[in-house]
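Dumped data15.txt below, it's compact mmCIF, C-alpha atoms:
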# COMPACT_ATOMS: atom_id res chain seq x y z
CA MET A 7 -1.16 -0.85 -0.11
CA LYS A 8 -4.14 -3.00 0.84
CA LEU A 9 -5.79 -5.48 -1.49
CA GLY A 10 -9.54 -5.91 -1.59
CA VAL A 11 -10.70 -8.99 -3.49
CA ASN A 12 -14.08 -8.85 -5.18
CA ILE A 13 -15.63 -12.32 -5.44
CA ASP A 14 -18.77 -11.42 -7.44
CA HIS A 15 -17.85 -13.58 -10.40
CA VAL A 16 -17.46 -16.71 -8.32
CA ALA A 17 -21.19 -16.25 -7.73
CA THR A 18 -21.68 -15.54 -11.45
CA LEU A 19 -20.29 -18.99 -12.26
CA ARG A 20 -22.43 -20.62 -9.57
CA ASN A 21 -25.59 -18.94 -10.81
CA ALA A 22 -24.95 -19.90 -14.44
CA ARG A 23 -25.94 -23.49 -13.63
CA LYS A 24 -28.13 -22.73 -10.59
CA THR A 25 -25.95 -24.94 -8.39
CA SER A 26 -24.64 -24.44 -4.86
CA TYR A 27 -21.03 -24.28 -6.09
CA PRO A 28 -18.60 -22.62 -6.40
CA ASP A 29 -19.24 -21.14 -2.97
CA PRO A 30 -18.42 -17.41 -2.58
CA LEU A 31 -17.60 -17.95 1.10
CA LYS A 32 -14.98 -20.55 0.24
CA ALA A 33 -13.53 -18.15 -2.34
CA ALA A 34 -13.37 -15.42 0.30
CA GLU A 35 -11.61 -17.72 2.75
CA ILE A 36 -9.02 -18.73 0.14
CA ALA A 37 -8.44 -15.08 -0.82
CA ILE A 38 -7.98 -14.07 2.81
CA ASP A 39 -5.54 -16.94 3.41
CA ALA A 40 -3.57 -15.75 0.36
CA GLY A 41 -3.27 -12.21 1.73
CA ALA A 42 -6.45 -10.30 0.87
CA ASP A 43 -6.98 -7.48 3.35
CA PHE A 44 -10.72 -7.27 2.82
CA ILE A 45 -13.49 -8.81 0.73
CA THR A 46 -15.78 -6.86 -1.59
CA VAL A 47 -19.13 -7.94 -3.03
CA HIS A 48 -21.71 -6.04 -5.08
CA LEU A 49 -25.32 -6.84 -4.25
CA ARG A 50 -27.11 -5.76 -7.41
CA GLU A 51 -30.79 -5.02 -7.72
CA ASP A 52 -31.25 -7.96 -10.10
CA ARG A 53 -29.11 -10.33 -7.95
CA ARG A 54 -27.23 -11.42 -11.07
CA HIS A 55 -24.33 -12.78 -9.02
CA ILE A 56 -24.16 -12.10 -5.27
CA ARG A 57 -27.40 -12.83 -3.41
CA ASP A 58 -28.70 -11.60 -0.07
CA GLU A 59 -27.81 -14.84 1.71
CA ASP A 60 -24.22 -14.60 0.42
CA VAL A 61 -23.80 -11.21 2.06
CA PHE A 62 -25.11 -12.36 5.44
CA ASN A 63 -23.04 -15.55 5.24
CA LEU A 64 -19.85 -13.64 4.47
CA LYS A 65 -20.41 -11.13 7.27
CA LYS A 66 -20.98 -13.97 9.74
CA ASN A 67 -18.00 -16.10 8.74
CA ILE A 68 -15.07 -14.16 7.30
CA LYS A 69 -12.34 -12.82 9.57
CA THR A 70 -11.60 -9.62 7.65
CA GLU A 71 -13.53 -6.49 6.71
CA LEU A 72 -16.50 -6.82 4.35
CA ASN A 73 -17.04 -4.03 1.84
CA LEU A 74 -20.56 -4.09 0.39
CA GLU A 75 -21.13 -2.32 -2.91
CA ILE A 76 -24.72 -1.14 -3.37
CA ALA A 77 -26.83 1.34 -5.28
CA ALA A 78 -28.32 4.32 -3.45
CA THR A 79 -31.75 2.76 -2.94
CA GLU A 80 -33.86 2.31 0.18
CA GLU A 81 -33.91 -1.48 -0.32
CA MET A 82 -30.11 -1.71 -0.36
CA LEU A 83 -29.63 0.68 2.54
CA GLU A 84 -32.00 -1.39 4.67
CA ILE A 85 -30.06 -4.56 3.81
CA ALA A 86 -26.80 -2.81 4.73
CA LYS A 87 -28.19 -1.82 8.12
CA LYS A 88 -29.15 -5.44 8.79
CA VAL A 89 -25.82 -6.89 7.61
CA LYS A 90 -23.64 -4.20 9.21
CA PRO A 91 -20.59 -4.61 6.95
CA TYR A 92 -17.41 -2.72 7.74
CA SER A 93 -18.18 -0.36 4.86
CA ILE A 94 -20.59 0.24 2.03
CA CYS A 95 -19.53 1.63 -1.34
CA ILE A 96 -22.25 3.55 -3.14
CA VAL A 97 -22.05 2.87 -6.88
CA PRO A 98 -24.24 3.86 -9.84
CA GLU A 99 -26.22 0.97 -11.22
CA LYS A 100 -28.11 0.38 -14.45
CA ARG A 101 -30.02 -2.85 -15.03
CA GLU A 102 -28.81 -3.26 -18.62
CA GLU A 103 -25.08 -2.72 -18.00
CA LEU A 104 -22.63 -5.64 -17.99
CA THR A 105 -20.55 -4.03 -15.26
CA THR A 106 -20.42 -0.65 -13.52
CA GLU A 107 -19.78 1.81 -16.32
CA GLY A 108 -18.67 4.89 -14.40
CA GLY A 109 -18.69 6.82 -11.19
CA LEU A 110 -21.49 8.56 -9.32
CA ASP A 111 -22.89 11.85 -10.55
CA ILE A 112 -22.04 13.82 -7.41
CA THR A 113 -23.34 17.03 -8.99
CA ASN A 114 -26.93 15.81 -8.83
CA MET A 115 -26.67 13.51 -5.82
CA CYS A 116 -25.28 15.72 -3.04
CA ASN A 117 -28.46 15.73 -0.94
CA THR A 118 -29.07 12.00 -1.38
CA LEU A 119 -25.48 11.14 -0.50
CA ALA A 120 -25.47 13.48 2.50
CA ASN A 121 -28.50 11.66 3.90
CA ILE A 122 -26.95 8.24 3.25
CA ILE A 123 -23.69 9.21 4.97
CA GLU A 124 -25.58 10.43 8.06
CA GLU A 125 -27.78 7.33 8.10
CA MET A 126 -24.83 4.92 7.90
CA TYR A 127 -22.72 6.78 10.44
CA ASP A 128 -25.60 6.46 12.90
CA VAL A 129 -25.32 2.65 12.70
CA GLY A 130 -21.51 2.52 12.61
CA ILE A 131 -20.95 1.70 8.93
CA LYS A 132 -18.21 3.47 6.97
CA VAL A 133 -19.21 5.01 3.64
CA SER A 134 -17.27 4.93 0.38
CA LEU A 135 -18.28 6.66 -2.85
CA PHE A 136 -17.30 5.36 -6.30
CA ILE A 137 -16.29 8.37 -8.40
CA ASN A 138 -14.58 9.00 -11.74
CA PRO A 139 -11.16 10.70 -11.59
CA ASN A 140 -12.79 14.04 -12.33
CA ILE A 141 -11.86 17.03 -10.18
CA ASP A 142 -15.04 18.91 -11.12
CA GLN A 143 -17.07 16.04 -9.66
CA LEU A 144 -14.86 15.69 -6.62
CA LYS A 145 -15.23 19.39 -5.77
CA HIS A 146 -18.87 18.78 -4.93
CA LEU A 147 -17.73 16.68 -1.96
CA GLU A 148 -16.80 19.94 -0.26
CA LYS A 149 -20.51 20.76 -0.03
CA LEU A 150 -21.13 17.77 2.21
CA LYS A 151 -21.38 18.65 5.90
CA ARG A 152 -20.13 15.21 6.81
CA LYS A 153 -17.62 13.66 4.43
CA PRO A 154 -17.52 10.00 3.42
CA ASP A 155 -14.70 7.93 4.90
CA ILE A 156 -13.41 6.68 1.55
CA ILE A 157 -13.48 7.68 -2.10
CA GLU A 158 -12.86 4.87 -4.58
CA ILE A 159 -11.60 6.12 -7.93
CA HIS A 160 -13.05 4.41 -11.00
CA THR A 161 -10.01 3.18 -12.95
CA GLY A 162 -11.90 1.54 -15.83
CA GLY A 163 -11.11 4.27 -18.36
CA TYR A 164 -7.39 3.92 -17.74
CA CYS A 165 -7.33 0.12 -17.55
CA ASP A 166 -9.37 -0.35 -20.75
CA ASN A 167 -7.06 1.92 -22.75
CA PRO A 168 -4.05 3.13 -20.73
CA SER A 169 -2.51 6.51 -21.46
CA GLU A 170 -0.39 8.99 -19.55
CA GLU A 171 -3.23 11.51 -19.69
CA LYS A 172 -5.63 9.10 -17.98
CA PHE A 173 -2.97 8.10 -15.45
CA LYS A 174 -2.50 11.77 -14.60
CA LEU A 175 -6.23 12.16 -14.00
CA ILE A 176 -6.11 9.36 -11.42
CA THR A 177 -3.00 10.85 -9.82
CA ASN A 178 -4.59 14.30 -9.56
CA ALA A 179 -7.82 12.86 -8.18
CA ALA A 180 -5.96 10.90 -5.49
CA GLU A 181 -4.07 14.04 -4.48
CA TYR A 182 -7.29 16.04 -4.26
CA ILE A 183 -9.00 13.36 -2.15
CA ASN A 184 -6.01 13.34 0.19
CA LYS A 185 -6.32 17.13 0.62
CA LEU A 186 -9.94 16.60 1.67
CA LYS A 187 -8.60 14.20 4.34
CA MET A 188 -10.40 11.13 3.02
CA GLU A 189 -9.00 7.69 2.36
CA CYS A 190 -8.48 6.96 -1.34
CA HIS A 191 -9.01 3.55 -2.94
CA ALA A 192 -9.06 2.58 -6.62
CA GLY A 193 -10.78 -0.13 -8.59
CA HIS A 194 -12.32 -1.46 -11.80
CA GLY A 195 -10.60 -3.35 -14.59
CA ILE A 196 -7.27 -3.66 -12.76
CA THR A 197 -4.94 -6.49 -13.78
CA CYS A 198 -1.51 -7.24 -12.34
CA THR A 199 0.06 -5.06 -15.05
CA HIS A 200 -2.16 -2.11 -14.15
CA ALA A 201 -1.57 -2.64 -10.43
CA LYS A 202 2.19 -2.30 -10.88
CA ARG A 203 1.65 1.19 -12.28
CA ILE A 204 -1.22 2.37 -10.11
CA LYS A 205 0.59 1.46 -6.90
CA GLU A 206 3.09 4.20 -7.76
CA ILE A 207 0.42 6.86 -7.19
CA PRO A 208 0.74 8.54 -3.79
CA HIS A 209 -2.30 8.59 -1.50
CA ILE A 210 -4.03 5.47 -2.91
CA SER A 211 -4.13 3.09 0.03
CA ALA A 212 -6.05 0.13 -1.42
CA LEU A 213 -6.99 -1.52 -4.69
CA ASN A 214 -10.26 -3.39 -5.27
CA ILE A 215 -9.77 -6.18 -7.80
CA GLY A 216 -12.16 -8.91 -8.86
CA HIS A 217 -12.75 -9.94 -12.46
CA SER A 218 -9.09 -10.32 -13.44
CA LEU A 219 -8.32 -12.40 -10.34
CA VAL A 220 -11.25 -14.76 -10.83
CA SER A 221 -10.36 -15.07 -14.53
CA GLU A 222 -6.72 -15.94 -13.82
CA ALA A 223 -7.81 -18.34 -11.08
CA ILE A 224 -9.29 -20.62 -13.76
CA PHE A 225 -5.75 -21.31 -14.97
CA TYR A 226 -3.57 -20.87 -11.88
CA GLY A 227 -5.82 -21.22 -8.84
CA LEU A 228 -7.34 -18.50 -6.66
CA HIS A 229 -4.82 -18.75 -3.84
CA SER A 230 -1.91 -18.37 -6.23
CA VAL A 231 -3.26 -15.36 -8.14
CA VAL A 232 -4.36 -13.49 -5.00
CA LYS A 233 -0.98 -14.12 -3.40
CA THR A 234 0.80 -12.84 -6.52
CA MET A 235 -1.39 -9.72 -6.64
CA LYS A 236 -0.85 -9.04 -2.93
CA MET A 237 2.92 -9.26 -3.46
CA THR A 238 2.58 -6.90 -6.43
CA VAL A 239 0.70 -4.17 -4.58
CA SER A 240 2.79 -4.50 -1.42
CA SER A 241 6.30 -4.56 -2.89
Represent the structure of the file as structure tokens.
Amino acid sequence: MKLGVNIDHVATLRNARKTSYPDPLKAAEIAIDAGADFITVHLREDRRHIRDEDVFNLKKNIKTELNLEIAATEEMLEIAKKVKPYSICIVPEKREELTTEGGLDITNMCNTLANIIEEMYDVGIKVSLFINPNIDQLKHLEKLKRKPDIIEIHTGGYCDNPSEEKFKLITNAAEYINKLKMECHAGHGITCTHAKRIKEIPHISALNIGHSLVSEAIFYGLHSVVKTMKMTVSS
């Protein structure tokens, strides 16, 4: 299983004091050295953590894949086409939320997403969609003429309050995504404890983890916690 490290909250700390440190690029380099398979950042409309220059700097300097999380807006799509990351992950975004609260509403976004997928394929960028572990939502993917490369399952509901019922929803969603012949990733709220369980689910090939790693890094160092997480998901 691959490990994607989200470094948004390194930028959150930097922006809190309007300094030039800590540097997200340095965090990415440390994470990669510790075993991260790719780096994820979310460029939000309000630029509350990652900024445009961070994205361009990461794309220019890191030696692994860059996964850029963005909302489905013309502004963000234009930035993606200029940056040319390995992949974009389309996520829902509300200005007032503390963090991404759920997956995309595929039911009402099929036409928009179909156009985005075509647009990104034309410039060689892979497309991921962030979706709740809800089969009724996932079924709408079958309407798309061209499928996204990746579906990332929103694991926040399970991680915030784990239960076997919620774990089963993720398992079923991963199985369904596999049947549609798309790569399945998972992310949101995952700690080392959650990762040990989620890695047991067949068909999930990567985990995206950010907040818990940056939080633990305060006490144990970023290299150490990324290395431990990579060992956890790979064992």
Per-residue nearest contacts stretch 103-215 of chain A to stretch 61-72 of chain A, cut-off 12 Å, using all atoms listed in the file, as JSON lines:
{"residue": "A:Ile131", "atom": "CA", "partner": "A:Leu72", "partner_atom": "CA", "distance": 10.6}
{"residue": "A:Lys132", "atom": "CA", "partner": "A:Leu72", "partner_atom": "CA", "distance": 10.8}
{"residue": "A:Asn214", "atom": "CA", "partner": "A:Leu72", "partner_atom": "CA", "distance": 12.0}
Keeping C-alpha atoms, export the residues of the selection given above as an mmCIF file, keeping the file's coordinate frame.
data_model
loop_
_atom_site.group_PDB
_atom_site.id
_atom_site.type_symbol
_atom_site.label_atom_id
_atom_site.label_comp_id
_atom_site.auth_asym_id
_atom_site.auth_seq_id
_atom_site.Cartn_x
_atom_site.Cartn_y
_atom_site.Cartn_z
ATOM 1 C CA ILE A 131 -20.950 1.700 8.930
ATOM 2 C CA LYS A 132 -18.210 3.470 6.970
ATOM 3 C CA ASN A 214 -10.260 -3.390 -5.270
#
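Comparing the minimum interatomic distances between A:Ile159 and each of A:Lys236, A:Arg20, A:Arg50, A:His209, counting all atoms listed in the file, we find that A:His209 sits nearest.
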Check your understanding: Distance atom CA of A:Leu110-atom CA of A:Val97, one decimal place?
Key ->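 For atom CA of A:Leu110 relative to atom CA of A:Val97, the distance reads 6.2 Å.
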Practice item. Write out as a list in words the residues lying within 10 Å of A:Ile183, counting only C-alpha atoms and excluding same-chain residues fewer than 5 positions away. Key: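 So the residues in contact are Ile141, Leu144, Lys145, Leu147, Ile156, Ile157, Glu158, Ile159, Asn178, Met188, Glu189, Cys190, His191, His209 and Ile210 of chain A.
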Practice item. Find the spatial neighbours of A:Ile176, counting all atoms listed in the file, within a cut-off of 7 Å - ignore same-chain residues fewer than 4 positions away - and output them as a PyMOL selection string. Key: chain A and resi 139+172+180
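Here atom CA of A:Cys198 and atom CA of A:Gly216 stand 11.3 Å from one another.
Across A:Asp166, A:Glu99, A:Asp155, A:Glu59, the tightest approach to A:Gly195 is made by A:Asp166 when counting all atoms listed in the file.
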Exercise for review: Would you please work out which residue, of A:Ala192, A:Val133, A:Ala37, A:Val47, is nearest to A:Gly109 when using all atoms listed in the file?
Suggested key: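 Among A:Ala192, A:Val133, A:Ala37, A:Val47, it is A:Ala192 that comes nearest to A:Gly109.
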Practice item. Please identify all polymer residues within 10 Å of A:Ala86, counting all atoms listed in the file, omitting same-chain residues fewer than 3 positions from it, and present them as an MDAnalysis selection string. Key: chainID A and resid 49 61:62 74:76 80:83 89:94 126 129 131
Check your understanding: Which residue, A:Lys32, A:Lys174, A:His15, A:Lys8, has the smallest gap to A:Met235 when you use only C-alpha atoms?
Key ->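 Nearest candidate to A:Met235 out of A:Lys32, A:Lys174, A:His15, A:Lys8: A:Lys8.
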Check your understanding: What is the distance between atom CA of A:Ala201 and atom CA of A:Val239, in Å to one decimal?
Key -> 6.5 Å
Exercise for review: Select, from A:Ser169, A:Thr118, A:Thr177, A:Asn138, the residue with the minimum atom-to-atom distance to A:Lys205, counting only C-alpha atoms.
Suggested key: A:Thr177
Exercise for review: List every protein, DNA or RNA residue that has an atom no more than 10 Å from (-24.4, 11.4, -6.6) in the file's coordinate frame, counting only C-alpha atoms, and report them as a ChimeraX atom specification.
Suggested key: /A:78,96-98,109-120,135-137,143,146-147
Review point. Which of these residues is nearest to A:Leu219, using all atoms listed in the file: A:Ala77, A:Val11, A:Ala17, A:Ile45?
Key: A:Val11
Starting from the sparse input, extend stretch 173-197 of chain A to N, CA, C and O atoms and give the output as a JSON list (two decimals), in the frame of the given file.
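And here is the file that came out, rebuild.json:
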[["chain", "number", "residue", "atom", "x", "y", "z"],
["A", 173, "PHE", "N", -3.70, 8.37, -16.69],
["A", 173, "PHE", "CA", -2.97, 8.10, -15.45],
["A", 173, "PHE", "C", -2.84, 9.37, -14.62],
["A", 173, "PHE", "O", -2.98, 9.35, -13.39],
["A", 174, "LYS", "N", -2.62, 10.48, -15.28],
["A", 174, "LYS", "CA", -2.50, 11.77, -14.60],
["A", 174, "LYS", "C", -3.81, 12.17, -13.94],
["A", 174, "LYS", "O", -3.82, 12.74, -12.85],
["A", 175, "LEU", "N", -4.93, 11.86, -14.59],
["A", 175, "LEU", "CA", -6.23, 12.16, -14.00],
["A", 175, "LEU", "C", -6.41, 11.42, -12.67],
["A", 175, "LEU", "O", -6.91, 11.98, -11.69],
["A", 176, "ILE", "N", -6.01, 10.15, -12.65],
["A", 176, "ILE", "CA", -6.11, 9.36, -11.42],
["A", 176, "ILE", "C", -5.19, 9.93, -10.35],
["A", 176, "ILE", "O", -5.56, 10.06, -9.17],
["A", 177, "THR", "N", -3.97, 10.28, -10.75],
["A", 177, "THR", "CA", -3.00, 10.85, -9.82],
["A", 177, "THR", "C", -3.53, 12.14, -9.20],
["A", 177, "THR", "O", -3.46, 12.35, -7.98],
["A", 178, "ASN", "N", -4.07, 13.02, -10.04],
["A", 178, "ASN", "CA", -4.59, 14.30, -9.56],
["A", 178, "ASN", "C", -5.80, 14.10, -8.63],
["A", 178, "ASN", "O", -5.95, 14.81, -7.63],
["A", 179, "ALA", "N", -6.65, 13.14, -9.00],
["A", 179, "ALA", "CA", -7.82, 12.86, -8.18],
["A", 179, "ALA", "C", -7.41, 12.34, -6.81],
["A", 179, "ALA", "O", -7.96, 12.76, -5.77],
["A", 180, "ALA", "N", -6.43, 11.44, -6.76],
["A", 180, "ALA", "CA", -5.96, 10.90, -5.49],
["A", 180, "ALA", "C", -5.37, 12.02, -4.61],
["A", 180, "ALA", "O", -5.59, 12.04, -3.39],
["A", 181, "GLU", "N", -4.65, 12.92, -5.22],
["A", 181, "GLU", "CA", -4.07, 14.04, -4.48],
["A", 181, "GLU", "C", -5.17, 14.94, -3.91],
["A", 181, "GLU", "O", -5.09, 15.37, -2.75],
["A", 182, "TYR", "N", -6.19, 15.19, -4.70],
["A", 182, "TYR", "CA", -7.29, 16.04, -4.26],
["A", 182, "TYR", "C", -8.05, 15.39, -3.11],
["A", 182, "TYR", "O", -8.41, 16.05, -2.11],
["A", 183, "ILE", "N", -8.31, 14.09, -3.22],
["A", 183, "ILE", "CA", -9.00, 13.36, -2.15],
["A", 183, "ILE", "C", -8.19, 13.41, -0.86],
["A", 183, "ILE", "O", -8.75, 13.57, 0.23],
["A", 184, "ASN", "N", -6.88, 13.27, -0.97],
["A", 184, "ASN", "CA", -6.01, 13.34, 0.19],
["A", 184, "ASN", "C", -6.12, 14.71, 0.87],
["A", 184, "ASN", "O", -6.14, 14.82, 2.10],
["A", 185, "LYS", "N", -6.20, 15.78, 0.06],
["A", 185, "LYS", "CA", -6.32, 17.13, 0.62],
["A", 185, "LYS", "C", -7.64, 17.30, 1.39],
["A", 185, "LYS", "O", -7.71, 18.09, 2.33],
["A", 186, "LEU", "N", -8.67, 16.55, 0.96],
["A", 186, "LEU", "CA", -9.94, 16.60, 1.67],
["A", 186, "LEU", "C", -9.95, 15.70, 2.90],
["A", 186, "LEU", "O", -10.98, 15.58, 3.58],
["A", 187, "LYS", "N", -8.80, 15.06, 3.16],
["A", 187, "LYS", "CA", -8.60, 14.20, 4.34],
["A", 187, "LYS", "C", -9.53, 12.99, 4.33],
["A", 187, "LYS", "O", -10.10, 12.60, 5.36],
["A", 188, "MET", "N", -9.66, 12.38, 3.15],
["A", 188, "MET", "CA", -10.40, 11.13, 3.02],
["A", 188, "MET", "C", -9.48, 10.05, 2.49],
["A", 188, "MET", "O", -8.53, 10.34, 1.76],
["A", 189, "GLU", "N", -9.77, 8.82, 2.86],
["A", 189, "GLU", "CA", -9.00, 7.69, 2.36],
["A", 189, "GLU", "C", -9.31, 7.48, 0.89],
["A", 189, "GLU", "O", -10.46, 7.63, 0.46],
["A", 190, "CYS", "N", -8.29, 7.13, 0.10],
["A", 190, "CYS", "CA", -8.48, 6.96, -1.34],
["A", 190, "CYS", "C", -8.18, 5.52, -1.74],
["A", 190, "CYS", "O", -7.10, 5.00, -1.48],
["A", 191, "HIS", "N", -9.17, 4.88, -2.36],
["A", 191, "HIS", "CA", -9.01, 3.55, -2.94],
["A", 191, "HIS", "C", -9.18, 3.66, -4.45],
["A", 191, "HIS", "O", -9.55, 4.72, -4.97],
["A", 192, "ALA", "N", -8.89, 2.59, -5.16],
["A", 192, "ALA", "CA", -9.06, 2.58, -6.62],
["A", 192, "ALA", "C", -9.52, 1.20, -7.06],
["A", 192, "ALA", "O", -9.15, 0.19, -6.45],
["A", 193, "GLY", "N", -10.32, 1.15, -8.11],
["A", 193, "GLY", "CA", -10.78, -0.13, -8.59],
["A", 193, "GLY", "C", -11.51, -0.05, -9.91],
["A", 193, "GLY", "O", -11.97, 1.01, -10.32],
["A", 194, "HIS", "N", -11.60, -1.17, -10.57],
["A", 194, "HIS", "CA", -12.32, -1.46, -11.80],
["A", 194, "HIS", "C", -11.34, -1.71, -12.95],
["A", 194, "HIS", "O", -10.60, -0.84, -13.36],
["A", 195, "GLY", "N", -11.38, -2.96, -13.42],
["A", 195, "GLY", "CA", -10.60, -3.35, -14.59],
["A", 195, "GLY", "C", -9.12, -3.58, -14.34],
["A", 195, "GLY", "O", -8.35, -3.75, -15.29],
["A", 196, "ILE", "N", -8.70, -3.60, -13.08],
["A", 196, "ILE", "CA", -7.27, -3.66, -12.76],
["A", 196, "ILE", "C", -6.74, -5.09, -12.89],
["A", 196, "ILE", "O", -7.27, -6.03, -12.29],
["A", 197, "THR", "N", -5.69, -5.24, -13.69],
["A", 197, "THR", "CA", -4.94, -6.49, -13.78],
["A", 197, "THR", "C", -3.61, -6.30, -13.03],
["A", 197, "THR", "O", -3.32, -5.21, -12.53]]
